[in-house]
>>> print(open('model_0.txt').read())   # compact mmCIF, C-alpha atoms
# COMPACT_ATOMS: atom_id res chain seq x y z
CA MET A 1368 -8.65 20.09 65.54
CA LEU A 1369 -4.96 19.76 66.43
CA ILE A 1370 -5.89 18.42 69.86
CA GLU A 1371 -7.90 15.65 68.18
CA TYR A 1372 -4.83 14.57 66.18
CA VAL A 1373 -2.66 14.72 69.24
CA ARG A 1374 -5.13 12.49 71.08
CA LEU A 1375 -5.22 10.08 68.13
CA PHE A 1376 -1.47 9.56 67.89
CA ALA A 1377 -0.32 10.19 71.43
CA MET A 1378 0.41 6.85 73.06
CA SER A 1379 3.14 8.22 75.28
CA SER A 1380 4.40 11.62 76.36
CA VAL A 1381 7.44 11.20 74.08
CA ARG A 1382 5.19 10.50 71.10
CA LEU A 1383 3.01 13.48 72.04
CA THR A 1384 6.00 15.79 72.21
CA THR A 1385 7.32 14.49 68.90
CA LEU A 1386 3.96 14.92 67.19
CA LEU A 1387 3.55 18.47 68.45
CA SER A 1388 7.08 19.32 67.31
CA VAL A 1389 6.39 17.95 63.83
CA PHE A 1390 3.22 20.02 63.49
CA VAL A 1391 5.00 23.17 64.66
CA LEU A 1392 7.95 22.60 62.31
CA LEU A 1393 5.75 21.80 59.32
CA SER A 1394 3.60 24.85 59.97
CA ALA A 1395 6.67 27.09 60.36
CA ALA A 1396 8.13 25.69 57.13
CA ASN A 1397 4.84 26.50 55.39
CA VAL A 1398 4.47 22.89 54.24
CA TRP A 1399 0.71 23.38 54.17
CA ALA A 1400 0.93 26.36 51.80
CA ASP A 1401 -1.64 24.81 49.45
CA LYS A 1402 -4.82 26.79 50.15
CA ASP A 1403 -6.87 23.65 49.61
CA CYS A 1404 -4.86 21.57 52.10
CA LYS A 1405 -6.43 21.33 55.58
CA LEU A 1406 -5.67 19.60 58.85
CA ALA A 1407 -9.36 18.65 59.03
CA THR A 1408 -12.70 19.20 57.34
CA PRO A 1409 -16.13 19.14 59.01
CA GLN A 1410 -16.77 15.62 57.66
CA TRP A 1411 -13.30 14.44 58.76
CA SER A 1412 -13.99 15.72 62.27
CA GLU A 1413 -17.38 13.94 62.37
CA MET A 1414 -15.83 10.53 61.74
CA ASP A 1415 -15.48 8.34 64.83
CA ILE A 1416 -12.02 6.97 65.58
CA LYS A 1417 -11.77 3.29 66.48
CA THR A 1418 -9.20 0.54 66.65
CA VAL A 1419 -9.24 -1.66 63.58
CA LYS A 1420 -7.41 -4.98 63.48
CA LEU A 1421 -6.09 -6.69 60.39
CA ARG A 1422 -5.25 -10.36 60.97
CA ARG A 1423 -2.92 -12.10 58.57
CA ASP A 1424 -3.25 -15.85 57.99
CA ASP A 1425 0.07 -16.35 59.82
CA GLY A 1426 -1.64 -15.06 63.00
CA GLU A 1427 0.03 -11.63 63.05
CA VAL A 1428 -2.43 -8.87 63.99
CA ILE A 1429 -1.89 -5.30 62.84
CA LYS A 1430 -3.77 -2.77 65.02
CA ILE A 1431 -4.45 0.72 63.70
CA ARG A 1432 -6.51 3.66 64.88
CA SER A 1433 -8.76 4.55 61.97
CA ARG A 1434 -11.46 7.04 61.19
CA ILE A 1435 -14.78 5.36 60.48
CA ALA A 1436 -16.78 6.69 57.52
CA ASP A 1437 -20.18 5.09 58.00
CA SER A 1438 -22.55 7.77 56.74
CA PRO A 1439 -23.04 8.87 53.13
CA ARG A 1440 -21.66 12.34 54.00
CA GLU A 1441 -18.50 10.92 55.60
CA ARG A 1442 -17.95 8.37 52.83
CA ALA A 1443 -18.35 11.05 50.15
CA ALA A 1444 -15.72 13.27 51.82
CA GLY A 1445 -13.03 10.73 52.69
CA PHE A 1446 -9.53 12.25 52.47
CA GLN A 1447 -10.62 15.22 50.30
CA HIS A 1448 -8.73 18.43 51.16
CA ILE A 1449 -6.65 16.72 53.90
CA CYS A 1450 -2.92 17.58 53.90
CA PRO A 1451 -0.47 14.85 52.81
CA GLN A 1452 1.19 14.84 56.23
CA ILE A 1453 -2.13 13.94 57.88
CA ILE A 1454 -2.92 11.36 55.18
CA HIS A 1455 0.41 9.65 55.87
CA LEU A 1456 -0.52 9.26 59.56
CA SER A 1457 -4.16 8.28 59.04
CA SER A 1458 -6.55 5.74 57.61
CA ILE A 1459 -10.27 5.66 56.90
CA LEU A 1460 -12.45 2.56 57.11
CA PHE A 1461 -15.49 2.94 54.86
CA VAL A 1462 -18.37 0.92 56.30
CA TYR A 1463 -21.44 -0.01 54.24
CA GLU A 1464 -24.68 -1.46 55.61
CA SER A 1465 -24.91 -4.01 52.82
CA PRO A 1466 -22.68 -5.27 49.99
CA THR A 1467 -21.93 -2.57 47.42
CA SER A 1468 -19.89 -2.05 44.28
CA ALA A 1469 -19.20 1.66 44.89
CA SER A 1470 -16.37 3.50 43.16
CA PHE A 1471 -13.81 5.82 44.74
CA HIS A 1472 -12.17 8.93 43.26
CA MET A 1473 -9.13 11.05 44.09
CA SER A 1474 -10.53 14.52 43.40
CA ASN A 1475 -9.14 17.01 45.93
CA VAL A 1476 -6.94 14.33 47.56
CA HIS A 1477 -3.35 15.48 48.08
CA ASP A 1478 -1.41 12.20 48.25
CA SER A 1479 -1.47 8.68 46.84
CA LEU A 1480 -3.47 6.08 48.75
CA ASP A 1481 -3.86 2.33 48.88
CA ILE A 1482 -7.39 1.03 49.22
CA GLY A 1483 -8.20 -2.48 50.36
CA PHE A 1484 -11.64 -3.95 49.73
CA PHE A 1485 -13.16 -6.50 52.15
CA ASP A 1486 -16.05 -8.87 51.41
CA GLN A 1487 -18.96 -9.90 53.69
CA ASP A 1488 -16.68 -12.40 55.45
CA ARG A 1489 -14.23 -9.52 56.02
CA LYS A 1490 -11.58 -11.14 53.82
CA LEU A 1491 -9.35 -8.79 51.86
CA ILE A 1492 -10.38 -9.08 48.20
CA THR A 1493 -7.84 -6.79 46.56
CA VAL A 1494 -5.70 -3.69 47.07
CA LEU A 1495 -5.54 -0.83 44.57
CA ARG A 1496 -3.17 2.15 44.35
CA MET A 1497 -5.02 5.42 43.87
CA THR A 1498 -3.16 8.52 42.67
CA PRO A 1499 -4.28 12.15 42.95
CA GLN A 1500 -5.61 14.01 39.96
CA LYS A 1501 -2.92 16.33 38.62
CA LEU A 1502 -5.12 18.95 37.01
CA GLU A 1503 -8.29 20.51 38.35
CA LYS A 1504 -10.07 20.04 35.01
CA GLU A 1505 -8.88 16.44 34.63
CA SER A 1506 -11.76 13.98 34.73
CA ALA A 1507 -11.81 11.90 37.88
CA ASN A 1508 -10.32 8.43 37.71
CA LEU A 1509 -12.68 6.01 39.38
CA TYR A 1510 -11.32 3.09 41.37
CA SER A 1511 -13.47 0.03 41.93
CA ILE A 1512 -13.32 -3.74 41.89
CA GLY A 1513 -15.73 -4.07 39.01
CA SER A 1514 -18.76 -6.23 39.54
CA LYS A 1515 -17.46 -7.68 42.82
CA GLU A 1516 -19.16 -6.41 45.95
CA PHE A 1517 -17.58 -5.37 49.23
CA VAL A 1518 -18.80 -4.26 52.65
CA HIS A 1519 -15.69 -2.44 53.93
CA ALA A 1520 -12.92 -0.49 52.24
CA LEU A 1521 -9.80 0.71 54.03
CA GLU A 1522 -7.91 3.71 52.66
CA ALA A 1523 -4.39 4.25 53.97
CA ARG A 1524 -1.13 5.80 52.83
CA ALA A 1525 0.48 4.32 49.73
CA ASP A 1526 2.31 1.03 50.49
CA PHE A 1527 0.50 0.51 53.82
CA PHE A 1528 -0.75 -2.97 52.86
CA ALA A 1529 2.58 -4.12 51.39
CA ASP A 1530 4.58 -2.72 54.32
CA HIS A 1531 2.50 -4.83 56.72
CA GLY A 1532 2.37 -7.99 54.58
CA LEU A 1533 -1.41 -7.68 54.14
CA LYS A 1534 -2.38 -9.72 51.09
CA PRO A 1535 -5.67 -10.58 49.39
CA ASP A 1536 -7.26 -13.84 50.59
CA LYS A 1537 -4.70 -13.92 53.45
CA THR A 1538 -5.95 -10.97 55.54
CA THR A 1539 -9.12 -10.62 57.62
CA LEU A 1540 -10.59 -7.39 58.96
CA VAL A 1541 -11.50 -7.55 62.66
CA PHE A 1542 -13.85 -4.71 63.39
CA PRO A 1543 -16.65 -4.39 65.98
>>> encode(input="model_0.txt", output="structure tokens")
Amino acid sequence: MLIEYVRLFAMSSVRLTTLLSVFVLLSAANVWADKDCKLATPQWSEMDIKTVKLRRDDGEVIKIRSRIADSPRERAAGFQHICPQIIHLSSILFVYESPTSASFHMSNVHDSLDIGFFDQDRKLITVLRMTPQKLEKESANLYSIGSKEFVHALEARADFFADHGLKPDKTTLVFP
């Protein structure tokens, strides 16, 4: 699994060395002490990794490597049980065959996320902040855009959209 992450983030030998050092240090410091926190799950490992582009109306293009959740099994799993350090470095593009009004939850997710919803024209509709459930018995908060439908949803670390100036009605998803 670690090799897959190294391949994902390694653009240069310096970046590769840095990434390996971070994993070693975090492991040695027992950062992943939570028994439910994993570097990967079977569903996570099944997701393809592709380049996703987000084009702002000012012409700026943000390129990210993202996991693609395009099966019901992958979409149901999302970031569940993934360690916060991996969440911070990752994103998941949820791909639906037709417009949907699905809801998302944060059960078993270990860090806050932003989720951006994209319509059939691949325009960003809205961005929501999703926060982890604090208690195991707490009922799951569901995040959705109500009766509006979407075809893609992009989950990324909290503040990802704001940090890149990606705004509703001013951002287009470019995806094969």
>>> closest_residue(input="model_0.txt", among="A:Thr1418, A:Gln1500, A:Ser1470, A:Ser1514", to="A:Ile1482", atoms="all atoms listed in the file")
A:Ser1470
>>> atom_distance(input="model_0.txt", atom1="atom CA of A:Thr1539", atom2="atom CA of A:Ser1457")
19.6 Å
>>> atom_distance(input="model_0.txt", atom1="atom CA of A:Tyr1463", atom2="atom CA of A:Cys1404")
27.3 Å
>>> closest_residue(input="model_0.txt", among="A:Arg1524, A:Lys1534, A:Lys1490, A:Arg1434", to="A:Leu1456", atoms="all atoms listed in the file")
A:Arg1524
>>> closest_residue(input="model_0.txt", among="A:Ile1459, A:Lys1501, A:Ile1492, A:Ser1433", to="A:Val1476", atoms="all atoms listed in the file")
A:Lys1501
>>> atom_distance(input="model_0.txt", atom1="atom CA of A:Leu1540", atom2="atom CA of A:Leu1491")
7.3 Å
